[in-house]
Structures are given as C-alpha cells and as structure tokens.
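K.L.:
Below is one structure. I have some questions about it.
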Amino acid sequence: MALPVQRLNEKLEGEMEFKRKKYSVPFALPGDLVQFRILRKGRKSKFQVMHIERAEHPPEEIITSLEPGCEHAGICGGCRARHLDYDFQWKWKSRPIAERMKQDFELEPELLPAPEKEHFRNRMDYAVDGTSIGLRPPQDFETVLPLSQCPVLRYPGEEILAKCAELIHRFPEVGWKRETLSGWLKYVTLRIGLSGVVVLTTSGETEAGKEFLTELNSWIENRNRNSEFEISVVETVTEPGQELSCTPGGHPLLGKPEYTERLAGVEFSVPYDSFFQPNPVAFTGLFQRILENTQEILDPLLSQMSSVPVKLVDLYCGAGVLSSVLVERWPTISSVVGYEFVESAVTEASRRFANKGIQTSFQAVDLNKPEADLALNSNLIIADPPRAGISPRLCKLIAEARPAPYMLYISCNPETQLRDLDILKVSYRPVQAVLADCFPYTGHMEQAILLERIS
C-alpha cells in the first residue's frame, strides 16, 4: 500500500492517515509517498514503512537542511530532524506548546534555542550485534546500524566509539549475537563530562572478552597519560535475554565507577548508572534563565530577607542535583526534603549533602501513590519528574494541600506538564515560563515554569 504524507507533525515527522488512524513516518515530508504495510499479530498491529518516494519539492513553509551534518542522517534513529533546517525545526516544534500556554494560561514562554548544535550530549548507549556497534533505525528494534560517527556526542566520545568499533572487528567473537543469544559485549555506554566513563554491558563471559578488555584498557590508560581528560571503564552484567544497558551493580575495570559533570556552575560526581541531564549546557541555560526571570520573587523568598527558616521540597529529586544548585545559589536555605523512587539515588543525594551543614531528609517513596500526609510544607517546591509527568494522585495532593507559596516545575515533556497544570490550576497559576531546546534534531523539549499559589 502507498499513501501520501499530509503534514509535518510536532515530533518533526511526516504524518499520514489510513483507515481513520494517524501514522507517524520518520524523515518524511508532506507530499512524499509512503509505501507501508500493517503487520498483525493477534490483536496487535505494527506499522512498517517499506519505502519513501520523495516529492520533487517540499511545501514552501518547510525549510530543509542543505548540510545534515552526519552521514547517517535519515537512517539512524538517534536524530529525527537533521533533514530540516535547525531554526525552522525549533520554531515548528515549539509553536504548539507556546500557543497552548498562551491560550490556556495567558502566558507566553520565553524561547531558548539550543546553544550548541553538535557535541552536546553527555550520554549515548550504543548497541552491539555481531561486529556492528551503533544505534537502531527508527521503528526497528531488531537492527543495529553501524556508526562511523555520532556528532551529537561530546568530545572525545566519537574517538572512543571508533576504538570500540575497531576492537569489535578485530575480535569478532566478542560481539553479542542477538539471533543466537551468544557472545559477550551487548552495549557500550559512553558518559562524557569533565571526565568520562565507558560502561560495558556484557553477558559476564569473562574469557570471551579478555583480549578486548586488555586492548581497550591499554589504549585508555595510554590516552589518560597523555591527556587531562580521565576515562574510566566499568563492566556491568545482564541476563542473556535482557535488552538493558548501563545497569546497576557494575564493577570498575579501570579507574572509578563514576565521572565528573558540571551543571549551573556546580560540579558533581555522577555514578556511572545515575541519571543526569543529557545536555548540561542547554539545561543550565534553561535553569539559570528561569531563576533570573523570577529573581524578584525568589530572592525575598529564599534569601536572608526571609525572617523564618527556609525550607525546600524536592520532588523526583534523583541524586539531589537541582536542590544542590539552589542551595549553592541561596545558602540561607536551611532544610531540604527530597522524595524519589530509586533507593540508590536517595543514598547518593544524602551523601552529596552530608557536608553542606543543613538539615536534609531524602526518602525513597512511591510518588505514584503518595500518602496523604506526605510532608510538603515549604517555602518552595521544585519538581523535575520523568516524561510521564507528576502522578495524578500527587498533583491532586498538591492542589488540595496548597503546601508552598511557589512551585518550580521543570519538565522534559511539556505535553504532560500542561496536563498536570490543568489539575494544579485550582490552586496554582503559572507566572513565568521558559521553553528550551535541550534535544536538537528530535521532537523533545524542556520547559521550566514557576507557579504561584492563588490567594
């Protein structure tokens, strides 16, 4: 079957309609003809693109890129919009959220384009299949596309990736074979900040990877001696059928099981398996801008101008990174309470605050099912939930309890953020917003909003 693409959607993908159902087609533009098929297995169906016949010219309102900047553009699933001009793609994907903010809350967010268009990501997870190491094509989890470059990754990530690819070809028995569930090396995760760590996710068969490890460690040790950039190596093991990378429980083969990163002027030691903002430079711009734009509100609230002890509640606190930044900015914050799903992150947050001289309580809590008496009373609540957003139950709890005069809500999914604001609006209204492109060449964005309690 073949149908034309009708529009470019907010995900920067072509959109077509078949039997009253919309389908998203990566790398396609309006006017392109898409050959596809629907694969059915029981009640489930899978949309599969077979071929895209390009239109002679895209519509006038769509500006394409003359230099995609990567030889894998249009094939690799890591970037979805290198075929589009950057300024165009940023305006296109930010417009729907900005319009909804204005329509629903009479507030226009400030728009921050990406400060860096290449070499901005501090983490990439590359799959290994046989002698191939790379990323998967869109909508195809079974295939690993070999990569000769990956320009979104920070320096010296591409150099490390190239070395791993060279060693996988030199020792072909090392790579994990997904058809037979055999081999040793399943994923290579690169985490690059002020220092770096190479995380090898393996099947645990140490003999199979012996020569690979000897060569890799020797190359990294030599590089470390001749560079100020320190690289560590960690191995973590998963079961044969598990498609997971960079899992907890790993052990260092070289150096330390962590790397150093900087966010908003503060340095952090990040465990190899912990979450950290994938684009620290862009996120720093977002965070600093929302703090600058709300300075007249937050300074009296959190500074020495306050006559009462200053308390901060950090929801979805992770390892306490954002609350650490706020404490550095406002040393008069005397108490931090953090809630997080992951026990290891809570432990790391407690360790991070151990020598700050302020009262802290970081707790592992199921925020999808918070208790009604969850302690939320504070001067400021900060929330940075995963893409699913704040859980409906927690949203309702905040809306009913009205526990803080202000709430700073940061989201990597503005769609779910707007859903949550609809619940919170009975008690809180947005007063400042900044929408930033922390994820160039994708449909994703990050938005920071300061909410004020309604009198």
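Ordering of the structure tokens sets the chain letters (A, B, ...); residue numbers start at 1 within each chain; ligands are numbered from 1 in the order shown.
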When DSSP is applied to the backbone of this structure, which of region 81-293 of chain A are assigned helix (DSSP H, G or I)? Write them out as a VMD selection string.
P.N.:
chain A and resid 86 to 105 157 to 170 210 to 225 280 to 293
K.L.:
Considering only C-alpha atoms, give me a table of residues in region 400-424 of chain A that are at most 12 Å from region 316-329 of chain A, with the closest atom pair and distance in Å for each, as a tab-separated table.
P.N.:
residue	atom	partner	partner_atom	distance
A:Leu408	CA	A:Leu322	CA	10.9
A:Tyr409	CA	A:Tyr316	CA	10.8
A:Ile410	CA	A:Leu322	CA	10.3
A:Ser411	CA	A:Tyr316	CA	11.1
K.L.:
Those residues with C-alpha atoms, as a JSON list (two decimals), in the first residue's frame please?
P.N.:
[["chain", "number", "residue", "atom", "x", "y", "z"],
["A", 408, "LEU", "CA", 9.12, 25.44, 40.23],
["A", 409, "TYR", "CA", 8.07, 22.74, 37.76],
["A", 410, "ILE", "CA", 10.64, 21.57, 35.21],
["A", 411, "SER", "CA", 9.62, 19.04, 32.59]]
K.L.:
I'd like to know which residues of region 271-409 of chain A are strand (DSSP E or B) (by DSSP, run on the backbone); could you write them as an MDAnalysis selection string?
P.N.:
chainID A and resid 271 310:315 333:340 359:364 380:383 406:409
K.L.:
From the set A:Val342, A:Ile390, A:Met16, A:Ala399, which residue has the shortest atom-to-atom contact distance to Glu415 (chain A), counting only C-alpha atoms?
P.N.:
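Counting only C-alpha atoms, the residue closest to Glu415 (chain A) is A:Ile390.
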K.L.:
Find the residues near Gln359 (chain A): any atom within 8 Å, counting only C-alpha atoms, skip ones fewer than 4 places away on the same chain, and give them as a list in words.
P.N.:
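So, after excluding close chain neighbours, the residues are Ser334, Ser335 and Val336 of chain A.
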K.L.:
Taking only C-alpha atoms into account, name the residue in A:Glu235, A:Asp85, A:Glu159, A:Glu53 that is nearest to Tyr187 (chain A).
P.N.:
A:Glu235
